[in-house]
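Containing PDB, C-alpha atoms and all ligand atoms: coords-v7.pdb.
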```pdb
ATOM      1  CA  MET A1419       0.000   0.000   0.000
ATOM      2  CA  LYS A1420       1.231   3.425  -0.931
ATOM      3  CA  ARG A1421       1.542   5.950   1.870
ATOM      4  CA  LYS A1422       0.179   9.408   1.308
ATOM      5  CA  ALA A1423       2.712  12.118   1.821
ATOM      6  CA  GLY A1424       1.850  14.995   4.142
ATOM      7  CA  ILE A1425      -0.411  13.116   6.475
ATOM      8  CA  ARG A1426       0.925  12.905   9.986
ATOM      9  CA  ASN A1427       0.693   9.598  11.747
ATOM     10  CA  PRO A1428      -0.092  10.318  15.443
ATOM     11  CA  LYS A1429       1.662   7.089  16.403
ATOM     12  CA  CYS A1430       4.854   8.152  14.653
ATOM     13  CA  PRO A1431       7.709   8.032  17.257
ATOM     14  CA  SER A1432       9.151  11.436  16.362
ATOM     15  CA  HIS A1433       5.751  13.062  16.654
ATOM     16  CA  SER A1434       5.123  11.701  20.150
ATOM     17  CA  LEU A1435       8.677  12.618  21.180
ATOM     18  CA  LEU A1436       8.012  16.256  20.300
ATOM     19  CA  LYS A1437       4.857  16.115  22.329
ATOM     20  CA  THR A1438       6.737  14.718  25.325
ATOM     21  CA  PHE A1439       9.314  17.508  25.183
ATOM     22  CA  LYS A1440       6.573  20.073  25.007
ATOM     23  CA  THR A1441       4.815  18.889  28.163
ATOM     24  CA  MET A1442       8.122  18.560  30.024
ATOM     25  CA  SER A1443       9.376  22.041  29.251
ATOM     26  CA  LYS A1444       9.473  24.350  32.255
ATOM     27  CA  ASN A1445      10.794  27.807  32.939
ATOM     28  CA  CYS A1446      14.196  28.489  34.427
ATOM     29  CA  LEU A1447      13.781  29.564  38.067
ATOM     30  CA  GLU A1448      16.335  32.333  37.564
ATOM     31  CA  CYS A1449      15.759  33.888  34.127
ATOM     32  CA  ASN A1450      12.337  32.409  33.323
ATOM     33  CA  GLU A1451      13.511  31.127  29.951
ATOM     34  CA  LYS A1452      11.884  27.932  28.778
ATOM     35  CA  ILE A1453      14.030  24.922  29.550
ATOM     36  CA  VAL A1454      13.827  21.613  27.795
ATOM     37  CA  GLY A1455      15.264  18.357  28.991
ATOM     38  CA  ARG A1456      15.222  16.129  32.022
ATOM     39  CA  GLU A1457      12.149  16.456  34.160
ATOM     40  CA  ASP A1458      14.084  17.499  37.275
ATOM     41  CA  LYS A1459      15.899  20.338  35.529
ATOM     42  CA  LYS A1460      15.178  23.686  37.176
ATOM     43  CA  PHE A1461      17.647  25.967  35.427
ATOM     44  CA  CYS A1462      18.580  26.636  31.833
ATOM     45  CA  SER A1463      22.298  26.817  32.648
ATOM     46  CA  ASP A1464      24.909  26.447  35.391
ATOM     47  CA  GLY A1465      25.163  30.228  35.494
ATOM     48  CA  CYS A1466      21.482  30.582  36.337
ATOM     49  CA  ARG A1467      21.695  27.850  38.971
ATOM     50  CA  ASN A1468      24.630  29.597  40.645
ATOM     51  CA  ALA A1469      22.970  33.017  40.523
ATOM     52  CA  TYR A1470      19.780  31.609  42.039
ATOM     53  CA  ASN A1471      21.556  29.723  44.839
ATOM     54  CA  ASN A1472      23.749  32.716  45.668
ATOM     55  CA  LYS A1473      20.660  34.870  46.098
ATOM     56  CA  ILE A1474      19.073  32.352  48.477
ATOM     57  CA  ASN A1475      22.271  32.113  50.525
ATOM     58  CA  LYS A1476      22.583  35.880  50.639
ATOM     59  CA  ASP A1477      19.038  36.283  51.991
ATOM     60  CA  SER A1478      19.517  33.736  54.749
ATOM     61  CA  ASN A1479      22.918  35.234  55.570
ATOM     62  CA  ASN A1480      21.360  38.684  55.918
ATOM     63  CA  TYR A1481      18.708  37.306  58.232
ATOM     64  CA  MET A1482      21.263  35.439  60.320
ATOM     65  CA  ARG A1483      23.456  38.510  60.497
ATOM     66  CA  ASN A1484      20.552  40.587  61.816
ATOM     67  CA  VAL A1485      19.676  37.989  64.459
ATOM     68  CA  ASN A1486      23.312  37.668  65.511
ATOM     69  CA  ASN A1487      23.595  41.444  65.844
ATOM     70  CA  LYS A1488      20.495  41.522  68.052
ATOM     71  CA  LEU A1489      21.876  38.748  70.243
ATOM     72  CA  ARG A1490      25.278  40.427  70.495
ATOM     73  CA  LYS A1491      23.655  43.705  71.504
ATOM     74  CA  ASN A1492      21.449  42.012  74.114
ATOM     75  CA  TYR A1493      24.468  40.156  75.449
ATOM     76  CA  ARG A1494      26.492  43.353  75.775
ATOM     77  CA  ILE A1495      23.649  45.108  77.616
ATOM     78  CA  LEU A1496      23.249  42.214  80.059
ATOM     79  CA  SER A1497      27.008  41.880  80.623
ATOM     80  CA  ASP A1498      27.374  45.622  81.293
ATOM     81  CA  ALA A1499      24.449  45.589  83.731
ATOM     82  CA  ASN A1500      25.497  42.408  85.506
ATOM     83  CA  THR A1501      29.141  42.797  86.469
ATOM     84  CA  GLU A1502      28.669  41.018  89.833
ATOM     85  CA  GLY A1503      27.177  37.843  88.362
ATOM     86  CA  LYS A1504      23.824  38.559  89.960
ATOM     87  CA  SER A1505      21.895  41.822  90.044
ATOM     88  CA  LYS A1506      18.603  43.570  89.474
ATOM     89  CA  ILE A1507      17.600  45.977  86.763
ATOM     90  CA  THR A1508      14.386  47.609  85.615
ATOM     91  CA  LYS A1509      12.739  46.720  82.341
ATOM     92  CA  THR A1510      12.631  50.435  81.553
ATOM     93  CA  LYS A1511      16.400  50.624  81.844
ATOM     94  CA  LEU A1512      16.931  47.556  79.648
ATOM     95  CA  LEU A1513      14.603  48.956  76.996
ATOM     96  CA  SER A1514      16.286  52.361  77.127
ATOM     97  CA  LYS A1515      19.605  50.652  76.326
ATOM     98  CA  GLY A1516      17.984  49.010  73.318
ATOM     99  CA  PHE A1517      17.413  45.556  74.779
ATOM    100  CA  ASP A1518      15.152  43.416  72.586
ATOM    101  CA  PHE A1519      13.186  40.816  74.567
ATOM    102  CA  ASP A1520      12.382  38.868  71.402
ATOM    103  CA  TYR A1521      15.958  37.616  71.073
ATOM    104  CA  PHE A1522      17.537  35.058  73.409
ATOM    105  CA  THR A1523      19.403  31.813  72.964
ATOM    106  CA  ASN A1524      17.658  29.484  75.388
ATOM    107  CA  ILE A1525      15.061  29.178  78.134
ATOM    108  CA  LEU A1526      15.639  27.518  81.486
ATOM    109  CA  ASN A1527      12.684  26.414  83.586
ATOM    110  CA  THR A1528      13.797  25.684  87.126
ATOM    111  CA  ASN A1529      12.038  23.106  89.277
ATOM    112  CA  THR A1530      10.975  25.963  91.550
ATOM    113  CA  GLY A1531       8.799  27.219  88.704
ATOM    114  CA  ASN A1532      10.943  30.120  87.553
ATOM    115  CA  THR A1533      11.708  30.835  83.931
ATOM    116  CA  TYR A1534      15.089  32.223  82.976
ATOM    117  CA  TYR A1535      15.844  33.560  79.521
ATOM    118  CA  PHE A1536      19.447  33.308  78.473
ATOM    119  CA  VAL A1537      21.544  35.150  75.956
ATOM    120  CA  TYR A1538      24.494  32.791  75.951
ATOM    121  CA  ASP A1539      25.625  32.728  79.593
ATOM    122  CA  GLN A1540      23.788  35.888  80.665
ATOM    123  CA  GLY A1541      20.280  35.236  81.950
ATOM    124  CA  TYR A1542      17.334  37.227  83.188
ATOM    125  CA  ARG A1543      14.145  36.433  84.995
ATOM    126  CA  PHE A1544      11.109  38.618  85.498
ATOM    127  CA  LEU A1545      10.590  39.480  89.162
ATOM    128  CA  GLU A1546       7.713  41.901  89.685
ATOM    129  CA  ASN A1547       6.674  45.402  88.855
ATOM    130  CA  ASP A1548       9.343  46.688  86.532
ATOM    131  CA  PHE A1549      12.168  44.515  87.801
ATOM    132  CA  TYR A1550      14.268  41.792  86.274
ATOM    133  CA  MET A1551      16.866  39.670  87.994
ATOM    134  CA  LEU A1552      20.100  39.175  86.088
ATOM    135  CA  VAL A1553      22.196  36.058  86.525
ATOM    136  CA  LYS A1554      25.281  34.601  84.975
ATOM    137  CA  LYS A1555      25.467  30.930  84.182
ATOM    138  CA  GLU A1556      28.109  29.058  86.140
ATOM    139  CA  TYR A1557      30.233  26.607  84.267
TER     140      TYR A1557
HETATM  141 ZN    ZN B1601      18.145  30.654  33.057
END
```
Please, can you express the file's structure as structure tokens?
Ligand SMILES: [Zn+2]
Amino acid sequence: MKRKAGIRNPKCPSHSLLKTFKTMSKNCLECNEKIVGREDKKFCSDGCRNAYNNKINKDSNNYMRNVNNKLRKNYRILSDANTEGKSKITKTKLLSKGFDFDYFTNILNTNTGNTYYFVYDQGYRFLENDFYMLVKKEY
């Protein structure tokens, strides 16, 4: 039987291959160009992959830097206010020095029911009224 030229056979392997590539094509996460190839490919090139990953690392580094700065500042305030290893200070005074109560490194619940917040080895515990007790962790 003579085949008619120009009529596409939908079962033709090259035709279905094209179709497969079309459904698998995605956009590069960095430059948004269409990428063709393996299903798990996310970038059109190594350059785009590097640029994308560098941006992610930079963002998390900025965030970590900000948190570390807050912790360092809190630690300096507590250390300056607690030269004896144990003392009292008002919340007003801590806030006026720029202390940020949102940032600490760990919490210690004592079996007497007290909660200490620590910034490294400098800790504080709410007493009453405006007062906080400052302690230094013993090693
Ligand atoms: Zn790209």
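Using all atoms listed in the file, the protein and nucleic acid residues lying no more than 9 Å from Cys1466 (chain A), apart from those fewer than 4 places from it along its own chain, are Cys1446, Leu1447, Glu1448, Cys1449, Phe1461, Cys1462, Tyr1470 and Asn1471 of chain A.
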Only C-alpha atoms, please: the residues just picked out, written as a PDB file, in the frame of the given file.
```
ATOM      1  CA  CYS A1446      14.196  28.489  34.427  1.00  0.00           C
ATOM      2  CA  LEU A1447      13.781  29.564  38.067  1.00  0.00           C
ATOM      3  CA  GLU A1448      16.335  32.333  37.564  1.00  0.00           C
ATOM      4  CA  CYS A1449      15.759  33.888  34.127  1.00  0.00           C
ATOM      5  CA  PHE A1461      17.647  25.967  35.427  1.00  0.00           C
ATOM      6  CA  CYS A1462      18.580  26.636  31.833  1.00  0.00           C
ATOM      7  CA  TYR A1470      19.780  31.609  42.039  1.00  0.00           C
ATOM      8  CA  ASN A1471      21.556  29.723  44.839  1.00  0.00           C
TER       9      ASN A1471
END
```
Original post:
Which residues, written as a PyMOL selection string, have at least one atom at most 10 Å from region 1475-1487 of chain A, with all atoms listed in the file counted and residues fewer than 6 positions away on the same chain left out?
Top reply: chain A and resi 1493+1521-1522
How would the residues just picked look written out with C-alpha atoms as a PDB file, in the frame of the given file?
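The file below, again-v2.pdb, is the result:
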```pdb
ATOM      1  CA  TYR A1493      24.468  40.156  75.449  1.00  0.00           C
ATOM      2  CA  TYR A1521      15.958  37.616  71.073  1.00  0.00           C
ATOM      3  CA  PHE A1522      17.537  35.058  73.409  1.00  0.00           C
TER       4      PHE A1522
END
```
Original post:
Applied to this file, what does the PyMOL selection byres (((chain A and resi 1519) around 12) and not hetatm) return in terms of residues, put as a list of chain:residue names?
Top reply: A:Lys1488, A:Leu1489, A:Lys1491, A:Asn1492, A:Tyr1493, A:Ile1495, A:Leu1496, A:Lys1509, A:Thr1510, A:Leu1512, A:Leu1513, A:Lys1515, A:Gly1516, A:Phe1517, A:Asp1518, A:Asp1520, A:Tyr1521, A:Phe1522, A:Thr1523, A:Tyr1535, A:Phe1536, A:Val1537, A:Gly1541, A:Tyr1542, A:Arg1543, A:Phe1544, A:Tyr1550
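For the atom pair formed by CA of Ala1469 (chain A) and CA of Ile1453 (chain A), the distance is 16.3 Å, given to one decimal.
Reported to one decimal place, the separation of CA of Arg1456 (chain A) from CA of Lys1473 (chain A) is 24.1 Å.
Closest approach to ligand ZN 1601 (chain B) among A:Val1454, A:Gly1465, A:Lys1459, A:Lys1444: A:Gly1465, based on all atoms listed in the file.
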Subject >> Neighbour list for Ser1505 (chain A) as an NGL selection string, cut-off 8 Å, all atoms listed in the file, skip fewer than 3 positions in-chain >> reply: :A and (1499-1500 or 1502 or 1551-1553)
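Distance check against Asn1547 (chain A) using only C-alpha atoms: of A:Asn1527, A:Ser1514, A:Thr1508, A:Thr1533, the minimum falls on A:Thr1508.
Residues surrounding Lys1554 (chain A) within 7 Å are A:Gly1503, A:Lys1504, A:Asp1539, A:Gln1540, A:Gly1541 [only C-alpha atoms; sequence separation below 5 positions excluded].
The two atoms in question, CA of Asn1450 (chain A) and CA of Ser1463 (chain A), are spaced 11.4 Å apart.
Of the residues listed (A:Lys1555, A:Asn1445, A:Ser1497, A:Ile1525), A:Asn1445 shows the shortest atom-to-atom separation from Asp1458 (chain A); distances use all atoms listed in the file.
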As lines of an AutoDock Vina configuration file, what would the box around region 1455-1474 of chain A look like: edges along x, y and z, 6 Å added on every side, centre and edge lengths in Å to one decimal?
```
center_x = 18.7
center_y = 25.5
center_z = 38.7
size_x = 25.0
size_y = 30.7
size_z = 31.5
```
